[in-house]
Every structure is written in structure tokens, then in C-alpha cells.
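A.B. asks: For reference, the structure I am asking about is given below.
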Amino acid sequence: MQSQRKTHVSTTVNGEPREFLCEPHQVLSDVLRNTLNLTGTKEGCNTGDCGACSVLLDGTLVCSCLVLAAEVEGKGVVTVEGIGEEGKLHPIQQKLLEHAGLQCGICTPGIVIASRALLEKNPDPSETEVRYWLAGNLCRCTGYDKIIRAVLDAGAVMRGQ
Amino acid sequence: MNMNVKTEFKYVGTRPIRPDGPDKVTGRARYGADLNVQGMIYGHIVRSPHAHAKIKSIDFSAACKLPGVLATMSADDLPEPGDRKIPGGEVEMALKTFSPVVMARKKVLYHGQAVAAVAATSPELAAEAARLVKVEYEVLPHIMDMHAAARADAPLLHDDVYTQGVDPAPTTPSNIPTQIEISTGDISKGFAEADLVVERTYFVPMCHQGYIEPHACVVQTDENGKVDIWCSTQGAFMVRTLTAAVTGIDIGRFKVTASEIGGGFGGKTTVYLEPVAVVLSLKSGRPVKMVMSRDDVFRATGPAAAAETRVKIGVTRDGRITAIETDILMDCGAYTSHPIMAGVLFNSACYRCENVRSFGREVLTNKPRVYAYRAPGIPQPVVAVECVVNEIAERLNMDPIDFRLLNAVDEGDVMAIGIPFQAIGLKQVLQEAKAHPHYTAELKAGQGRGVAVAFWINAGMQSSATINVSEDGSVNILTGNPDIGGSRASMALMAAEVLGIPVETIRPSVVDTDSVGFCDVTGGSRTTLATGGAVIKAAETLVKELRKRAAAIWSLDIEEVDWTGGMAVAKSGTGLENMNREDAATRGDKTLTLADLAARAGATGGPLCAVASHNAHNAAPSFALNICDAQVDRETGKVDILRYTCVQDAGKAIHPAYVEGQMQGGAVQGIGWALNEEYIFNEQGRLDNPGFLDYRIPVASDLPMIDTVIVEVPNPLHPYGVRGVGEVPIAPPMPAVVTAVNRAAGTRLCHLPLSPPKLLAAIEAAESGTA
């Protein structure tokens, strides 16, 4: 396979302007991890089935393994590295820790991103709403119980309760 | 050997935030595929397109012409396995049963088996080069059905497999590597004494551990032959042992660093990529990275065995079990791995019964070689035993928990394999379940409830730990067991307990094979027990040293110095046991804190550190019970799990939140295995569902909250009473779910998974009266 001309992409990642060159076929998760060295975004399947590579693209929750890197030209990407403030965890991150909502932790970055997207859209979700929203984020360790509790609790904190 | 088991704790049993947690919620934690090093190239495996074939030739010439291809390899680059036996993983393994899984030799025995590999300057180029490798095969007939494979006239996978466990030893090879039978009492007499005998056959399919992180490694070699491996694994030392064995390179040349691990469940207790990357790195002189695709993971890494279990149980009218007979046929894929052992030995270990016969055979088929998956070999026969127990209780009009309480093993009872039980928690587990509000909650029409219990033996094995004290009195704990489910938090808690210092001042790390003594894999529910035991031992050694240092400073004898509340105290002879730091200070007793002693370490004999190692022989069994409420949609066959409760004896829960996590995670894996998960092979012997879309593991919207009750009947052989918690949770869910679903649907399905089409067909058959 002959290497084609690389595409130049200007984008914003976690609020910072970034530029990169990518192959036309390269997916966003690959560029995030291997070009921009943002390995917090995980790859569990590369077919959009596991949700470990979840990122926000202009505020919309997407599987970054299903987005071509060239598509993010001029857009804003938020990865797990962009969640929380300097020296302070986001309530979702804090509550996942307090509830032991992670075991191996490989799905956690995707859960953090997906939960943030949920709570921005719906600050007071029901348990069922959390479960359906996170149905695209596979976790094999926890049985989801403690994750769901953590997200509900984080919602309460973010609402100031 | 009974020892003093500690029952009062200050730190153990609390729920601090895990020390590795912040790195995991922020994305900083580094997993197998997260490492990139300078000059790195990429390996790619050439996999068999056939389920059974002879490899006639491998031609790399076209691949090598591609610019950027820097190395190739095949089994010709590895030593012949011969009959070497290797201690590794959870049991001793014959090299010839896993070296060909890393790289096939002369034959391929399943679709997707590794045949060759290439390394090139980009992953795309490596994949392209792999497509250019020409492998010539002579296709052989494949056998996917274990019953067919077990027949005497079946085509053979191996010409050197002779059934073990048969007397006299067979003179012709077969596809049955192992046969095992245990018996106690007189099984015919037992059935003759029974008023009711129920016999059923249950099938459990091959399924995958389903960890979300695919296997990955980076291997770097140097001019002196040093081999540096970074990989996702349940055991860095296991990787060192097995990679050395497969490649024929001396163990002393390896350093293995375990990355953070994205799930394992037994599936990462072996090597697949590491030996290949080692050879490619040595040949190219470059660091080599290899990452499996999800497709590779499903097709070519260890699933759990499929099994068919016939069980026959006899009981008296008043509910006493008189005989239990089990016959298991277990499909182990292409190479022997012995999960049948636990299945035969322990399938009815929950029950006191004088007449037991348990028989099992392993069968080889053209499927990937199975590996451990949480309590390997147990869930498959336990489905059969527990579902029949539920049926018997129903037919005797007895409450299923009362029936189990009547027959439950207790301290002093002897297992069918002749081992007596010490203190165990089965009866307490049953009583807790019976008292749980879930058990008596009302069910609506169309809903069903199932309960099931299970036993797991738990493992001990070898572990080491090192403790180093910094100049400020903070503490580092080093162990060699990859932390899958929060074990670093448990190590810190146990050390805090011995040292009497806040758990937050302890930094536990999982370090490489050059930096700590040998540790067996994280598996067998052994890490908290055995590695934790080494941490306790090292901490106790450190306390003794700290007392010695304080004694020297005070010119006292060590016996005149105690260690309490995180400090050395000169014994004043007054109520030492009731003393705390404030008392000591108020009374003007001489005290030296860990920080004081650390600051003076140089003057009192040098740095403060302690090392401990042991081969833990103090494992003790765990019992677990699940209660499941299910509802079946009679239009679609879809099952809803309405309510779920897990009760388990942990011995002592060091960090209860992570014990609950093991119980909940295991339960949900078992629910998936009961309802959806199975390997589906097509006529060509290819896996038809090698992705998470078609191999459907449970998702959040499939489930209710999973309630947990931790029972604590201390292991009398462990200083803190620990039993180990990770494995037994996978065993009760399948029978609990199957019983609940069959009751809800009015069916009696015995063939798992109870997927919607199967259930729908059974419901329709039941309604039309053809069932």
C-alpha cells in the first residue's frame, strides 16, 4: 500500500489549538493516541461497539474510532484529558473514585466522557436514563452498579445538592 | 494449623479511595497499548484461514520486498517444545500445549491460529506485509462438535495425545487428553436409598472472558541480549517464564513490566504476542509493538470451555441427599488445559453426601485453546447440579434454601476428594440469603425466582513483597501482582494495619520483575490472600526492625519497646495495651514515630526496608449464593433481570467496596453467559461472532442494581482471615438465572444461553403442548 499524501488538520483539542497530519483513512482515536499522545482515549474494538474511545466532538458524544481524523478540521474535541480542572477532578471523576465505580479502569475514560455529555444534557437523570445513556459503554468488571450510582451522585453534586 | 486470626481492625475493612484511582479517571494510567518508544516498529500476525490444516510452506519473499518490512518470523524461529513442562499461569503446563498457540508448528488446529509474523515501520505496512506472506496449506477435516471428536473413529487433532487417567494406559491416540473420576461411598446404594431421583443434562457454551483491553505489548532488546517487555498481563513473572520457554532464551535476560491491565478474568494468564515480538525485535534490532484487534482477541485467545454435564441426584422424602452422580464432557479447544479437574472435583462440594461419583472427560476440537475464566471448570457443571437441586426442592415442596441448609457442608465434613473442611461460611451465606428481603419479596405473574450456591477452592501460591520507608516516614510497598480490581488499595490497607499509620501515607506499586521477588499470577483469587500475606509479613519484619532501632536509641532491650499507634513506645509497664499516642505523650512515655525513626535511619543502621516472601498454603474455600428474579417477554423471548442479590463469604473483606465489585462483576458476567454469550462457529469452523456487536456482553440497560451481602467467616489459616473473592462469583449466576427464567416462562430449557430465539421457541412449544 503506497502512502498517500497526508492531510493537514487544524482543530481544537481540550481547548487548545492543535495541528496534525494524518492519512485519509486514519481514525480520530488513532491520531489522538498515537500522534497527539493523548492515550487516555482507549481502543477496545475499533468498531464502535465498546465506547472506550468516547470523546466529545463539538459537544456531541461520539466513538472516536468511527470518526475520520480529517473530519475534525475546524471542530472542537474534548477527551478525558480535558475533563476536570487543573488540580481538581470533575465531580464525575471524583464520584467514580468514591463509589469504587472502576476496577480495571479501561472503560473509565469513556464512561467519564459519556456521563459528562449526559449530565450536560440532562442534569437530573433517572437511573433508567443513566443506564440507557451508558448502554454504549461496555464495562466487564463492575456489573455497572457502582458506575450508575456514581453518575447519579455526580449529577446531584453538579446540581448543588 | 490454627493461628491467631485478627478480628479487630483500624484500617482493614474501610473504603479509602484506591491509590491508582486518580490516574484511571483522568486517562493518565498507561495500559498495554499506551506505550510508544523511539524507533518502534509494529508487528502483525499472519493467521490461519483454516480450522484444521497442515502447514506445507511459508514464503516471506513477497512481504520482504516491501520497503519498511524489517523482520519476519515463524515457528522455525522457536525451539521444538518436546515434552517440557513449565510451571506457569495457574497450573503447570506442557510447552507443546501453548507454544503452538503463540505460533503454529507444522499444523494449524483452529481458524485464526498464528502461523507467521512480520514487523514493519507502520501498522498499516505490517498488515500489508502480512497479507503478502504466502502460506501453503493442506486442508484437513475439522471437528467442531465435542461428541463427534470424542468418538474412537474421529479424525485426530494430535497424533501424540493419549488419554491420561485411564488404566491401563491406552495404546492408541485420541482427542481425549484427560479422563478423571472420583468417587466415595457406594453410588448404587445411594440411589437405592433415594425416594426421588432427578437426572438432567445441561449444556453450557464456549464463551469469552470479554476483557475490554485487547492484548498488547512493546518489546525492546539490546546489544547484550537483554529483553525488555512491557505488556498487559495478569503476571509479569508468568510472562517472563513462558516467553523464556517459548523462545528458548534464558530467563535471566528478561525484564518484564506489567502495564495497567484492562481486565483479564483468567484470560491474561498466558502469552500470545510477547514471544513473537521478542523474536521480531531481536531480528530487526528495533523495539516492536504488537496490539491485537478485537477480532484477534475473540478468534485466537483463550475462551472458557463449553461443557455438557449430566447430573443425577437422589434424595429421601425428607430432603436428605443420598447420591450425586455427575458426568462431564468438556470442550477444551485445540490443546489440553485441564479445566475438567476443578469441574469434576468440586461440582457438588456444597453438599454433604456419602455417595458421590464424579466423572469427566476433556475433548479436543478445532477451536481456540481454552484458558482460565474465573473459577475455571466450575460454572459449567454447577449449572447442572444447582438447577437439579432447585428442581428437587420444588418437587419435595421444600424451600430451596432450607433444602440446601439441610444438606450444606460444614466444618469437619470431608469433601469427596478426601479433604476435610475447616471453618467455612456456607450455612451463614444461606441464612443471610434467607433473611434478605429480596428472598421473600412478592413475585408477579410471569416472573420467576432462582437461587443457586457455589463453592471455589481458592489458591495460595508464591508471592513476595518489599517495603521501603522514605526519609519522611512515608512508605512504599512493592509487589509483583498486576492490580486488576483494586488490589493496591488492599495491600496499603493491610500494611497500614500492621504499621499503625494512615493508609494515605502508604504508596503501593506493582513493579517489574527486576524490582521485587517472584510472584505467581494475579489469579485463583490469590492476590489479597498470598501477596497480601507477604505484605503483612514484610510489615511485621519492618516493625521488628523499627523496635530494634528505637531500642538502640534508648539503650533498651528490644523487648522493652513496643510498636503501637504507628510509633515505638518504651514500655512503662502500665496498661500498654490500652495506650494511644496521646496517652503516651501525656504520661511522658518515650515515643518515636515512624517519621522520627526514618529521619534517624542513617545513624541507627541504614535505610529502613523489609522483604518477605512465601509459598502460601493457607488458602480456604469461598461460598457464594445468588438470588435472581426474571421476567420473560412472551412475544419476543427477551429476558429482563428484575432484581439480583449476591451473598458471599469473603473471610475478611479488606476493602469491602472492591469485594462487592467482584461479586457484582462476576454476577453480571454469569448473567451474560446464561442469557446471551456463546461462541458461534460456522460450517467452515470459523467464529461467526468475533466482535462485541454479535458477541453481546451485558450492557448497563440490561441490568438492575446488583445487591450484595458480604459474609465474614474468617479463614482460620490467614492472619486477617482472608479467603479470596474473585472467582466464586461466576459460578452461581447461571443456575440462578436459568431457574428464574424457566420458572417465569414455564419452560425447562437446559441448553444455554437462554437467548430470545431459543426461549421463544420453547415458550411456543410449551403453549402448543408439544414440549
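Letters for chains follow the order of the C-alpha cells (A, B, ...), residue numbers begin at 1 for each chain, and ligand numbers begin at 1 in the order shown.
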List as a list in words the protein and nucleic acid residues near range 216-218 of chain B, meaning an atom at most 8 Å away when only C-alpha atoms are counted, but skip any in the same chain fewer than 6 places from it.
C.D. replies: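 Result of the neighbour search: Gly32, Ala33, Leu35, Asn36, Ile229, Trp230, Cys231, Ser232, Leu273, Glu274, Ala277, Pro287, Val288, Lys289, Met290, Val291 and Met292 of chain B.
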A.B. asks: For the selection just defined, write its residues with N, CA and C atoms to a file, as a PDB file, in the first residue's frame.
C.D. replies:
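See again_39.pdb below for the written result:
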ATOM      1  N   GLY B  32      -1.582  -1.519  28.152  1.00  0.00           N
ATOM      2  CA  GLY B  32      -0.665  -2.214  27.242  1.00  0.00           C
ATOM      3  C   GLY B  32      -0.347  -1.458  25.973  1.00  0.00           C
ATOM      4  N   ALA B  33      -1.369  -0.888  25.335  1.00  0.00           N
ATOM      5  CA  ALA B  33      -1.161  -0.247  24.033  1.00  0.00           C
ATOM      6  C   ALA B  33      -0.791   1.226  24.163  1.00  0.00           C
ATOM      7  N   LEU B  35       1.963   2.609  25.373  1.00  0.00           N
ATOM      8  CA  LEU B  35       3.392   2.941  25.349  1.00  0.00           C
ATOM      9  C   LEU B  35       3.888   3.039  23.910  1.00  0.00           C
ATOM     10  N   ASN B  36       4.535   4.133  23.597  1.00  0.00           N
ATOM     11  CA  ASN B  36       5.228   4.270  22.315  1.00  0.00           C
ATOM     12  C   ASN B  36       6.671   4.627  22.629  1.00  0.00           C
ATOM     13  N   ILE B 229      10.310  -6.291  28.249  1.00  0.00           N
ATOM     14  CA  ILE B 229       8.927  -6.456  27.775  1.00  0.00           C
ATOM     15  C   ILE B 229       7.997  -5.584  28.609  1.00  0.00           C
ATOM     16  N   TRP B 230       7.150  -4.854  27.913  1.00  0.00           N
ATOM     17  CA  TRP B 230       6.041  -4.095  28.537  1.00  0.00           C
ATOM     18  C   TRP B 230       4.772  -4.734  27.998  1.00  0.00           C
ATOM     19  N   CYS B 231       3.869  -5.167  28.857  1.00  0.00           N
ATOM     20  CA  CYS B 231       2.673  -5.807  28.317  1.00  0.00           C
ATOM     21  C   CYS B 231       1.533  -5.805  29.320  1.00  0.00           C
ATOM     22  N   SER B 232       0.348  -6.019  28.792  1.00  0.00           N
ATOM     23  CA  SER B 232      -0.841  -6.168  29.625  1.00  0.00           C
ATOM     24  C   SER B 232      -0.978  -7.633  29.998  1.00  0.00           C
ATOM     25  N   LEU B 273       1.398 -12.644  22.264  1.00  0.00           N
ATOM     26  CA  LEU B 273       2.185 -11.755  21.406  1.00  0.00           C
ATOM     27  C   LEU B 273       3.645 -11.636  21.842  1.00  0.00           C
ATOM     28  N   GLU B 274       3.903 -11.774  23.146  1.00  0.00           N
ATOM     29  CA  GLU B 274       5.206 -11.411  23.683  1.00  0.00           C
ATOM     30  C   GLU B 274       6.363 -12.171  23.037  1.00  0.00           C
ATOM     31  N   ALA B 277       6.945 -10.849  19.490  1.00  0.00           N
ATOM     32  CA  ALA B 277       7.578  -9.529  19.470  1.00  0.00           C
ATOM     33  C   ALA B 277       9.053  -9.625  19.860  1.00  0.00           C
ATOM     34  N   PRO B 287      12.714  -1.772  18.676  1.00  0.00           N
ATOM     35  CA  PRO B 287      11.586  -2.069  19.567  1.00  0.00           C
ATOM     36  C   PRO B 287      10.367  -2.439  18.727  1.00  0.00           C
ATOM     37  N   VAL B 288       9.606  -3.429  19.174  1.00  0.00           N
ATOM     38  CA  VAL B 288       8.447  -3.897  18.406  1.00  0.00           C
ATOM     39  C   VAL B 288       7.191  -3.788  19.267  1.00  0.00           C
ATOM     40  N   LYS B 289       6.176  -3.162  18.697  1.00  0.00           N
ATOM     41  CA  LYS B 289       4.885  -3.059  19.370  1.00  0.00           C
ATOM     42  C   LYS B 289       3.896  -3.985  18.677  1.00  0.00           C
ATOM     43  N   MET B 290       3.107  -4.687  19.450  1.00  0.00           N
ATOM     44  CA  MET B 290       2.054  -5.522  18.873  1.00  0.00           C
ATOM     45  C   MET B 290       0.771  -5.305  19.676  1.00  0.00           C
ATOM     46  N   VAL B 291      -0.321  -5.120  18.957  1.00  0.00           N
ATOM     47  CA  VAL B 291      -1.625  -4.921  19.590  1.00  0.00           C
ATOM     48  C   VAL B 291      -2.635  -5.794  18.855  1.00  0.00           C
ATOM     49  N   MET B 292      -3.398  -6.566  19.595  1.00  0.00           N
ATOM     50  CA  MET B 292      -4.424  -7.391  18.933  1.00  0.00           C
ATOM     51  C   MET B 292      -5.630  -6.537  18.564  1.00  0.00           C
TER      52      MET B 292
END
A.B. asks: Name the residues of range 569-690 of chain B that come out as strand (DSSP E) in a backbone DSSP run; write them as a ChimeraX atom specification.
C.D. replies: /B:569-570,591-593,609-616,622-632,639-649
A.B. asks: I want to know what sits within 10 Å of Phe191 in chain B, based on only C-alpha atoms, with residues of the same chain fewer than 6 positions away left out; could you give that as a PyMOL selection string?
C.D. replies: chain B and resi 197+312-316+321-325+355
A.B. asks: Please produce an output containing C-alpha atoms for each residue in the selection, written as a tab-separated table (two decimals), in the first residue's frame.
C.D. replies:
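Output (again-v5.tsv):
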chain	number	residue	atom	x	y	z
B	197	VAL	CA	-34.10	-39.29	41.71
B	312	LYS	CA	-28.28	-37.40	38.69
B	313	ILE	CA	-29.20	-36.66	42.29
B	314	GLY	CA	-31.10	-38.89	44.70
B	315	VAL	CA	-32.90	-37.64	47.83
B	316	THR	CA	-35.00	-39.07	50.58
B	321	ILE	CA	-29.25	-36.11	49.54
B	322	THR	CA	-28.27	-39.78	49.22
B	323	ALA	CA	-26.32	-39.80	45.98
B	324	ILE	CA	-24.83	-37.38	43.46
B	325	GLU	CA	-23.53	-38.55	40.13
B	355	ASN	CA	-22.25	-41.46	47.87
A.B. asks: What are the closest atom pairs, with distances in Å to one decimal, for all residues of chain A lying within 7 Å of chain B? Consider only C-alpha atoms, order rows by chain and residue number, and present the result as CSV.
C.D. replies:
residue,atom,partner,partner_atom,distance
A:Met1,CA,B:Glu128,CA,6.7
A:Thr39,CA,B:Asp34,CA,5.7
A:Gly40,CA,B:Gly27,CA,3.7
A:Thr41,CA,B:Gly27,CA,7.0
A:Gly44,CA,B:Ile212,CA,5.3
A:Cys45,CA,B:Arg294,CA,5.0
A:Asp49,CA,B:Phe692,CA,5.8
A:Cys50,CA,B:Phe692,CA,6.9
A:Val80,CA,B:Thr26,CA,5.9
A:Glu81,CA,B:Thr26,CA,5.9
A:Gln93,CA,B:Val25,CA,5.5
A:Leu97,CA,B:Ile17,CA,5.9
A:Glu98,CA,B:Ile17,CA,6.0
A:Ala100,CA,B:Ala657,CA,6.2
A:Gln103,CA,B:Gly485,CA,4.3
A:Cys104,CA,B:Ile484,CA,4.9
A:Gly105,CA,B:Lys24,CA,5.7
A:Ile106,CA,B:Gly262,CA,4.9
A:Thr108,CA,B:Val25,CA,6.0
A:Pro109,CA,B:Gly27,CA,6.0
A:Arg131,CA,B:Ser701,CA,4.6
A:Tyr132,CA,B:Ser701,CA,5.0
A:Leu134,CA,B:Ala700,CA,6.2
A:Ala135,CA,B:Ala700,CA,5.0
A:Leu138,CA,B:Val699,CA,6.0
A:Arg140,CA,B:Tyr211,CA,6.1
A:Cys141,CA,B:Gly665,CA,4.9
A:Thr142,CA,B:Gly665,CA,4.3
A:Gly143,CA,B:Gly665,CA,4.3
A:Tyr144,CA,B:Ala700,CA,5.9
A:Asp145,CA,B:Met705,CA,5.1
A.B. asks: Using only C-alpha atoms, find the one residue out of B:Ala71, B:Asp649, B:Asn458, B:Val161 that sits nearest to Lys283 in chain B.
C.D. replies: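 Among the listed residues, the smallest separation from Lys283 in chain B belongs to B:Ala71.
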A.B. asks: By how many Å are CA of Pro368 in chain B and CA of Val737 in chain B apart?
C.D. replies: 27.4 Å
A.B. asks: Considering only C-alpha atoms, return as a list of chain:residue names whatever protein or nucleic-acid residues lie within 7 Å of Val5 in chain B, sequence-local ones (same chain, fewer than 6 positions apart) excluded.
C.D. replies: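 Final neighbour list, sorted by chain and number: B:Pro716, B:His718, B:Pro719, B:Tyr720, B:Gly721.
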A.B. asks: At a cut-off of 12 Å, using only C-alpha atoms, what residues contact Leu32 in chain A? Leave out same-chain residues fewer than 5 positions from it and give the result as a count of residues only.
C.D. replies: 34
A.B. asks: Just how far from CA of Pro502 in chain B is CA of Gly566 in chain B, in Å to one decimal?
C.D. replies: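 CA of Pro502 in chain B lies 8.5 Å from CA of Gly566 in chain B.
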A.B. asks: Looking at A:Ser29, A:Asn137, A:Asn122, A:Gln94, which one is nearest to Arg159 in chain A, with distances taken over only C-alpha atoms?
C.D. replies: A:Asn122
A.B. asks: Skip range 143-149 of chain B itself and residues of its chain fewer than 2 positions away, then list as number ranges by chain all residues within 12 Å of it, counting only C-alpha atoms.
C.D. replies: B: 50-53, 109-111, 140-141, 151-158, 174-177, 203, 205-206, 305-308, 328-334, 361-368, 679-687
A.B. asks: Save out the residues we just selected, C-alpha atoms, as a PDB file, in the first residue's frame.
C.D. replies:
ATOM      1  CA  HIS B  50      -8.487 -22.820   8.028  1.00  0.00           C
ATOM      2  CA  ALA B  51      -9.777 -24.602  11.118  1.00  0.00           C
ATOM      3  CA  HIS B  52      -7.520 -27.619  10.549  1.00  0.00           C
ATOM      4  CA  ALA B  53      -4.661 -27.904   8.083  1.00  0.00           C
ATOM      5  CA  LEU B 109      -5.732 -26.537  14.687  1.00  0.00           C
ATOM      6  CA  TYR B 110      -8.182 -23.633  14.664  1.00  0.00           C
ATOM      7  CA  HIS B 111      -9.191 -20.740  12.491  1.00  0.00           C
ATOM      8  CA  LEU B 140      -7.729 -31.416   6.845  1.00  0.00           C
ATOM      9  CA  PRO B 141     -11.250 -32.241   8.029  1.00  0.00           C
ATOM     10  CA  ARG B 151     -15.669 -40.894  19.194  1.00  0.00           C
ATOM     11  CA  ALA B 152     -12.990 -43.506  18.646  1.00  0.00           C
ATOM     12  CA  ASP B 153     -13.093 -43.140  14.856  1.00  0.00           C
ATOM     13  CA  ALA B 154     -12.852 -39.336  14.899  1.00  0.00           C
ATOM     14  CA  PRO B 155     -10.096 -37.639  12.898  1.00  0.00           C
ATOM     15  CA  LEU B 156      -7.260 -36.791  15.292  1.00  0.00           C
ATOM     16  CA  LEU B 157      -6.058 -33.303  16.119  1.00  0.00           C
ATOM     17  CA  HIS B 158      -2.793 -34.637  17.554  1.00  0.00           C
ATOM     18  CA  SER B 174      -7.408 -39.924  20.730  1.00  0.00           C
ATOM     19  CA  ASN B 175      -8.937 -36.483  21.064  1.00  0.00           C
ATOM     20  CA  ILE B 176      -9.471 -37.068  24.781  1.00  0.00           C
ATOM     21  CA  PRO B 177      -6.382 -35.908  26.654  1.00  0.00           C
ATOM     22  CA  PHE B 203     -25.142 -27.648  28.072  1.00  0.00           C
ATOM     23  CA  PRO B 205     -21.425 -22.948  25.532  1.00  0.00           C
ATOM     24  CA  MET B 206     -17.883 -21.751  24.963  1.00  0.00           C
ATOM     25  CA  ALA B 305     -14.611 -24.343  27.857  1.00  0.00           C
ATOM     26  CA  ALA B 306     -18.002 -25.495  26.686  1.00  0.00           C
ATOM     27  CA  ALA B 307     -19.407 -28.437  28.611  1.00  0.00           C
ATOM     28  CA  GLU B 308     -22.217 -30.857  28.740  1.00  0.00           C
ATOM     29  CA  ILE B 328     -18.994 -34.000  32.303  1.00  0.00           C
ATOM     30  CA  LEU B 329     -17.808 -33.725  28.722  1.00  0.00           C
ATOM     31  CA  MET B 330     -15.760 -30.564  28.331  1.00  0.00           C
ATOM     32  CA  ASP B 331     -14.720 -28.961  25.038  1.00  0.00           C
ATOM     33  CA  CYS B 332     -11.262 -27.502  25.598  1.00  0.00           C
ATOM     34  CA  GLY B 333     -10.433 -26.374  22.094  1.00  0.00           C
ATOM     35  CA  ALA B 334      -7.308 -27.489  20.302  1.00  0.00           C
ATOM     36  CA  ARG B 361     -13.504 -36.088  30.075  1.00  0.00           C
ATOM     37  CA  GLU B 362     -11.805 -33.304  28.194  1.00  0.00           C
ATOM     38  CA  VAL B 363     -12.226 -33.273  24.446  1.00  0.00           C
ATOM     39  CA  LEU B 364     -10.127 -31.539  21.846  1.00  0.00           C
ATOM     40  CA  THR B 365     -11.846 -29.789  18.935  1.00  0.00           C
ATOM     41  CA  ASN B 366     -10.759 -27.365  16.222  1.00  0.00           C
ATOM     42  CA  LYS B 367     -11.414 -24.292  18.343  1.00  0.00           C
ATOM     43  CA  PRO B 368      -9.065 -21.931  20.166  1.00  0.00           C
ATOM     44  CA  TYR B 679     -19.169 -18.767  20.527  1.00  0.00           C
ATOM     45  CA  ILE B 680     -20.980 -19.469  17.276  1.00  0.00           C
ATOM     46  CA  PHE B 681     -18.902 -21.367  14.724  1.00  0.00           C
ATOM     47  CA  ASN B 682     -19.957 -21.793  11.106  1.00  0.00           C
ATOM     48  CA  GLU B 683     -19.537 -24.841   8.900  1.00  0.00           C
ATOM     49  CA  GLN B 684     -16.015 -23.828   7.940  1.00  0.00           C
ATOM     50  CA  GLY B 685     -15.084 -23.800  11.611  1.00  0.00           C
ATOM     51  CA  ARG B 686     -14.865 -20.010  11.716  1.00  0.00           C
ATOM     52  CA  LEU B 687     -16.193 -17.960  14.576  1.00  0.00           C
TER      53      LEU B 687
END
A.B. asks: May I have the residues within 12 Å of Ala445 in chain B as a list in words, using only C-alpha atoms and disregarding those fewer than 3 positions away in the same chain?
C.D. replies: Glu442, Gly448, Arg449, Asp629, Ala630, Gln631, Val632, Asp633, Arg743, Ala744, Ala745 and Gly746 of chain B
A.B. asks: Write out as an MDAnalysis selection string all residues of range 50-83 of chain A that DSSP puts in helix (DSSP H, G or I) for this structure's backbone.
C.D. replies: chainID A and resid 64:66 69:72 80:82
